[in-house]
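Next comes target_35.txt, with compact mmCIF, C-alpha atoms.
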```txt
# COMPACT_ATOMS: atom_id res chain seq x y z
CA MET G 6 119.18 51.99 20.48
CA MET G 7 120.58 49.44 22.89
CA TYR G 8 123.60 47.40 21.88
CA GLN G 9 122.86 43.84 20.83
CA SER G 10 125.40 41.09 20.64
CA PRO G 11 125.65 38.98 17.46
CA TYR G 12 123.79 36.20 19.28
CA GLU G 13 120.97 38.56 20.29
CA ARG G 14 120.67 39.86 16.74
CA GLN G 15 120.56 36.32 15.39
CA LEU G 16 117.89 35.42 17.94
CA ALA G 17 115.86 38.50 16.98
CA ARG G 18 116.05 37.55 13.29
CA LYS G 19 114.85 34.05 14.08
CA ARG G 20 111.91 35.41 16.06
CA PHE G 21 111.06 37.79 13.22
CA LEU G 22 111.17 35.03 10.59
CA THR G 23 109.12 32.76 12.82
CA ARG G 24 106.45 35.42 13.14
CA ILE G 25 106.40 35.94 9.38
CA ALA G 26 106.05 32.19 8.82
CA VAL G 27 103.20 31.96 11.32
CA LEU G 28 101.36 34.91 9.75
CA LEU G 29 101.75 33.45 6.26
CA GLY G 30 100.36 30.18 7.59
CA VAL G 31 97.38 32.01 9.05
CA VAL G 32 96.73 33.73 5.72
CA VAL G 33 96.92 30.42 3.82
CA VAL G 34 94.49 28.76 6.23
CA SER G 35 92.09 31.71 5.98
CA LEU G 36 92.19 31.52 2.18
CA TRP G 37 91.33 27.82 2.41
CA LEU G 38 88.43 28.58 4.78
CA ASP G 39 87.02 31.46 2.72
CA GLY G 40 84.36 29.36 1.01
CA PRO G 41 83.13 27.34 4.02
CA VAL G 42 83.01 30.38 6.32
CA TYR G 43 81.20 32.45 3.70
CA ARG G 44 78.56 29.76 3.18
CA PHE G 45 78.10 29.46 6.95
CA LEU G 46 77.93 33.16 7.87
CA ALA G 47 76.92 35.28 4.89
CA THR G 48 73.27 36.24 4.96
CA THR G 49 73.47 36.93 1.22
CA TYR G 50 74.65 33.43 0.31
CA GLU G 51 72.64 31.88 -2.50
CA PRO G 52 73.18 28.15 -3.12
CA PRO G 53 73.68 27.43 -6.83
CA ILE G 54 70.36 26.65 -8.48
CA ALA G 55 70.21 24.20 -11.38
CA MET G 56 67.31 23.77 -13.76
CA ASN G 57 65.37 20.59 -13.07
CA ASP G 58 64.49 18.13 -15.78
CA GLY G 59 61.31 19.19 -17.53
CA GLU G 60 61.26 22.55 -15.74
CA SER G 61 60.26 25.53 -17.84
CA THR G 62 62.50 28.55 -18.16
CA ALA G 63 59.90 30.74 -16.51
CA THR G 64 59.69 28.48 -13.45
CA PHE G 65 63.47 28.34 -13.16
CA GLU G 66 63.78 32.12 -13.38
CA LEU G 67 61.08 32.46 -10.71
CA ARG G 68 63.04 30.19 -8.33
CA VAL G 69 66.19 32.23 -8.96
CA HIS G 70 64.31 35.45 -8.29
CA GLU G 71 62.83 34.08 -5.05
CA SER G 72 66.28 32.96 -3.88
CA ARG G 73 67.76 36.42 -4.53
CA SER G 74 64.83 38.15 -2.87
CA ALA G 75 65.19 35.96 0.23
CA ALA G 76 68.92 36.73 0.41
CA HIS G 77 68.23 40.45 0.08
CA GLU G 78 65.64 40.33 2.86
CA ARG G 79 68.08 38.51 5.14
CA LYS G 80 70.73 41.13 4.43
CA VAL G 81 68.36 44.05 5.14
CA SER G 82 67.16 42.39 8.34
CA MET G 83 70.72 41.81 9.58
CA ALA G 84 71.91 45.31 8.67
CA SER G 85 69.05 46.90 10.58
CA LYS G 86 70.02 45.34 13.91
CA ASP G 87 71.44 47.79 16.43
CA TRP G 88 74.39 45.62 17.44
CA VAL G 89 75.44 45.21 13.80
CA GLN G 90 75.37 48.96 13.21
CA MET G 91 77.31 49.56 16.43
CA LEU G 92 80.09 47.11 15.54
CA ARG G 93 80.29 48.21 11.92
CA ALA G 94 80.85 51.78 13.14
CA ALA G 95 84.21 50.58 14.51
CA GLY G 96 85.34 50.49 10.89
CA TYR G 97 84.28 54.11 10.31
CA VAL G 98 87.15 56.59 10.54
CA PRO G 99 85.09 59.43 12.15
CA THR G 100 84.37 57.06 15.05
CA TRP G 101 88.07 57.03 15.89
CA LEU G 102 88.38 60.75 15.22
CA PHE G 103 85.86 61.22 18.01
CA ILE G 104 87.48 58.71 20.39
CA GLY G 105 91.02 59.88 19.61
CA GLY G 106 89.93 63.48 20.04
CA CYS G 107 88.57 62.69 23.51
CA VAL G 108 91.86 61.04 24.49
CA TRP G 109 93.78 64.01 23.09
CA LEU G 110 91.76 66.46 25.20
CA ILE G 111 92.37 64.40 28.32
CA ASP G 112 96.11 64.17 27.64
CA GLN G 113 96.42 67.92 27.17
CA ARG G 114 95.79 68.41 30.87
CA ARG G 115 98.59 66.05 31.87
CA GLN G 116 101.37 66.46 29.33
CA ARG G 117 102.67 68.53 26.47
CA VAL G 118 104.10 65.66 24.45
CA PRO G 119 102.17 64.24 21.48
CA SER G 120 98.90 62.69 22.56
CA ALA G 121 98.04 59.00 22.45
CA GLY G 122 94.77 60.13 20.90
CA LEU G 123 96.63 61.29 17.80
CA THR G 124 98.30 57.90 17.47
CA ILE G 125 94.90 56.17 17.69
CA ILE G 126 93.59 58.36 14.89
CA LEU G 127 96.68 57.77 12.76
CA GLY G 128 96.36 54.02 13.31
CA ALA G 129 92.85 54.06 11.89
CA VAL G 130 93.63 56.44 9.01
CA PHE G 131 96.95 54.97 7.88
CA THR G 132 95.72 51.38 8.02
CA GLY G 133 92.59 52.28 6.09
CA LEU G 134 94.64 54.01 3.39
CA ALA G 135 97.08 51.11 3.20
CA ALA G 136 94.15 48.71 2.76
CA GLU G 137 92.83 50.75 -0.15
CA LEU G 138 96.24 50.65 -1.85
CA LEU G 139 96.64 46.91 -1.29
CA LYS G 140 93.24 46.31 -2.85
CA LEU G 141 94.59 47.66 -6.13
CA VAL G 142 97.63 45.38 -5.90
CA PHE G 143 95.77 42.19 -4.98
CA GLY G 144 92.79 42.97 -7.21
CA ARG G 145 90.45 40.46 -5.63
CA HIS G 146 86.82 41.40 -5.98
CA ARG G 147 84.15 41.07 -3.35
CA PRO G 148 82.50 37.65 -3.20
CA LEU G 149 79.56 36.90 -5.45
CA SER G 150 76.30 35.69 -3.95
CA ASP G 151 77.44 32.06 -4.22
CA GLY G 152 80.77 32.80 -2.51
CA SER G 153 82.93 32.60 -5.62
CA LEU G 154 85.86 35.00 -5.93
CA ASP G 155 87.37 36.72 -8.95
CA TRP G 156 90.93 38.10 -9.13
CA ASN G 157 92.20 40.97 -11.26
CA PRO G 158 95.57 41.84 -9.67
CA PHE G 159 98.23 44.50 -10.17
CA LEU G 160 95.95 47.45 -10.94
CA GLY G 161 93.91 45.36 -13.37
CA ALA G 162 90.72 46.50 -11.64
CA ILE G 163 91.53 50.04 -12.82
CA TYR G 164 92.97 49.54 -16.29
CA GLN G 165 91.16 46.34 -17.22
CA PRO G 166 87.97 46.19 -15.16
CA ASP G 167 86.10 42.92 -15.48
CA PRO G 168 82.28 42.58 -15.37
CA TYR G 169 82.34 43.03 -11.59
CA GLY G 170 83.73 46.55 -11.82
CA HIS G 171 85.88 48.13 -9.14
CA ALA G 172 84.34 46.48 -6.04
CA LEU G 173 87.53 45.14 -4.46
CA GLY G 174 87.58 43.28 -1.18
CA LEU G 175 91.09 42.20 -0.13
CA PRO G 176 91.75 43.49 2.47
CA SER G 177 88.57 44.83 4.09
CA SER G 178 88.79 48.59 4.62
CA HIS G 179 86.29 48.56 7.48
CA ALA G 180 88.22 45.83 9.29
CA ALA G 181 91.52 47.61 8.59
CA VAL G 182 90.30 50.85 10.17
CA ALA G 183 88.87 49.03 13.19
CA PHE G 184 91.95 46.89 13.80
CA GLY G 185 94.28 49.82 13.06
CA ALA G 186 92.88 51.78 16.00
CA ALA G 187 92.35 48.70 18.18
CA PHE G 188 95.97 47.55 17.92
CA VAL G 189 97.23 51.01 18.87
CA ILE G 190 94.95 51.05 21.91
CA PHE G 191 96.03 47.52 22.79
CA ARG G 192 99.70 48.55 22.70
CA LEU G 193 99.21 51.77 24.65
CA TYR G 194 96.44 50.77 27.06
CA PRO G 195 96.65 46.96 27.41
CA SER G 196 93.62 46.63 29.67
CA ALA G 197 91.33 48.74 27.48
CA GLY G 198 92.87 47.15 24.40
CA TRP G 199 90.83 43.98 24.85
CA VAL G 200 87.63 45.99 24.55
CA ALA G 201 88.87 47.75 21.40
CA MET G 202 90.02 44.43 19.94
CA ALA G 203 86.61 42.87 20.59
CA ALA G 204 85.00 45.78 18.74
CA ALA G 205 87.37 45.28 15.78
CA ILE G 206 86.65 41.55 15.64
CA GLY G 207 82.94 42.36 15.79
CA CYS G 208 83.35 44.79 12.92
CA GLY G 209 85.00 42.08 10.83
CA LEU G 210 82.17 39.70 11.72
CA THR G 211 79.56 42.16 10.46
CA ARG G 212 81.37 42.31 7.11
CA LEU G 213 81.24 38.52 6.87
CA LEU G 214 77.56 38.41 7.83
CA ALA G 215 76.79 41.05 5.21
CA GLY G 216 78.46 38.90 2.56
CA ALA G 217 80.65 41.86 1.59
CA HIS G 218 83.89 40.08 2.46
CA VAL G 219 85.38 36.65 3.06
CA LEU G 220 87.51 35.52 5.99
CA SER G 221 90.90 36.25 4.42
CA ASP G 222 89.83 39.87 3.74
CA VAL G 223 89.47 40.39 7.49
CA VAL G 224 92.57 38.38 8.43
CA VAL G 225 94.84 40.32 6.06
CA ALA G 226 93.37 43.58 7.35
CA ALA G 227 94.19 42.58 10.93
CA ILE G 228 97.77 41.61 10.04
CA LEU G 229 98.24 44.89 8.18
CA ALA G 230 96.91 46.80 11.18
CA GLY G 231 99.25 44.98 13.55
CA ALA G 232 102.28 45.95 11.45
CA ILE G 233 101.32 49.61 11.04
CA SER G 234 100.36 50.05 14.70
CA SER G 235 103.71 48.61 15.75
CA VAL G 236 105.54 51.26 13.70
CA LEU G 237 103.34 54.09 14.95
CA VAL G 238 103.85 53.19 18.59
CA ARG G 239 107.62 52.76 18.15
CA VAL G 240 108.11 56.20 16.62
CA ARG G 241 106.36 57.95 19.50
CA PRO G 242 108.64 59.54 22.13
CA ALA G 243 109.58 56.99 24.78
CA HIS G 244 108.37 59.18 27.62
CA ASP G 245 104.96 59.51 25.93
CA ARG G 246 104.16 55.81 25.87
CA VAL G 247 101.15 55.23 28.04
CA THR G 248 100.88 52.45 30.60
CA ASP G 249 98.03 51.23 32.74
CA VAL G 250 99.43 53.28 35.64
CA CYS G 251 97.70 56.65 35.56
CA ARG G 252 98.74 59.81 37.35
CA PHE G 253 96.27 62.36 38.57
CA ASP G 254 97.91 65.73 38.95
```
If you convert what's in this file into structure tokens, what do you get?
Amino acid sequence: MMYQSPYERQLARKRFLTRIAVLLGVVVVSLWLDGPVYRFLATTYEPPIAMNDGESTATFELRVHESRSAAHERKVSMASKDWVQMLRAAGYVPTWLFIGGCVWLIDQRRQRVPSAGLTIILGAVFTGLAAELLKLVFGRHRPLSDGSLDWNPFLGAIYQPDPYGHALGLPSSHAAVAFGAAFVIFRLYPSAGWVAMAAAIGCGLTRLLAGAHVLSDVVVAAILAGAISSVLVRVRPAHDRVTDVCRFD
């Protein structure tokens, strides 16, 4: 570790606190935008239906059924699109096992130090696991069809499950896995990192379109991934950090 003067340490603390403040601000804004973004993007969104004056119960129930059927058809149609399935796969851990494994095999021919491929895999796995643990702490359930959100924090979803069961959404596990790998790639291979980051953002978008998550679920997942990837890259041996300059032996 390089020596830092008191002034440099003070400056580093200020930068750290500034980053924390900015990230908290981003989370607050995303929480505020959860409803509007959900209503705009979610294919499963069902506007609240009120019974009209003089309307029979049977007619009202028929309108509700038609609204739910239309939302289900929109969801099935969106999920069947090839580009949606491709981007959602970025939030699937085996996808990064395959990609990381390829990088590991390439690195074995050039070096004997730990492979960047292993770090990519760990970024996806560790961030996904951390997201699952945070879900139990935050206890916010997935959005209902009208975009409303229900909270049951601090393990309440396990010990005191409400009518919505254990379907927790904050943060999104798919987005966490995608961003976990993407941030590692971005830190190790800056040029290729933009492609990986685009895939992670696309994965988060598919979760919003599916109505399975709201904006803050994806934002918190991305912030979590950024923190974990930073630690993973820092603990790697200095001589193993990959740059855009490649050697061909």
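Ranking G:Lys80, G:Phe65, G:Ser234, G:Ser221 by their shortest atom-to-atom distance to G:Phe191, with only C-alpha atoms included, puts G:Ser234 first.
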- prompt: At what distance in Å, to one decimal, does atom CA of G:Asn157 lie from atom CA of G:Leu138?
  reply: 14.1 Å
query: Leaving out G:Thr124 and any residue of its chain fewer than 2 positions from it, which residues lie within 12 Å of it when counting all atoms listed in the file, given as a ChimeraX atom specification?
result: /G:101-102,104-106,108-109,118-122,126-132,185-193,233-242,245-247
query: Which residues come within 8 Å of G:His179, counting all atoms listed in the file, excluding same-chain residues fewer than 3 positions away, as a list in words?
result: Arg93, Ala95, Gly96, Tyr97, Gly133, Val182, Ala183, Cys208, Gly209 and Arg212 of chain G
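A straight line drawn from atom CA of G:Pro195 to atom CA of G:Val219 is 28.7 Å long.
Remark: for G:Asp222, the closest of the candidate residues G:Pro11, G:Pro158, G:Gly207, G:Pro148 is G:Pro148 (distances computed over all atoms listed in the file).
As for atom CA of G:Ala215 and atom CA of G:Ser35, they are spaced 17.9 Å apart.
Distance annotation: of G:Thr23, G:Thr62, G:Asn57, G:Ser177, the residue with the minimal separation from G:Ala226 is G:Ser177; atom set is all atoms listed in the file.
Distance check against G:Val81 using all atoms listed in the file: of G:Ala197, G:Gly216, G:Arg68, G:Val33, the minimum falls on G:Gly216.
Compared by their closest atoms to G:Ala204, and using only C-alpha atoms, the residues G:Phe143, G:Leu154, G:Val225, G:Thr100 rank with G:Thr100 nearest.
Close contacts of G:Trp156, defined as residues with an atom at most 7 Å away when counting only C-alpha atoms, with chain neighbours fewer than 6 positions off set aside, comprise Gly144, Arg145 and His146 of chain G.
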- request: Please provide the set of residues having any atom within 9 Å of G:Ile206, restricted to all atoms listed in the file, with same-chain residues fewer than 6 positions apart removed, written as a list of chain:residue names.
  value: G:Leu92, G:Ala180, G:Ala183, G:Phe184, G:Val223, G:Ala227
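In terms of minimum interatomic distance to G:Glu78, G:Tyr50 ranks closest within G:Gly174, G:Glu137, G:Tyr50, G:Gly198, counting only C-alpha atoms.
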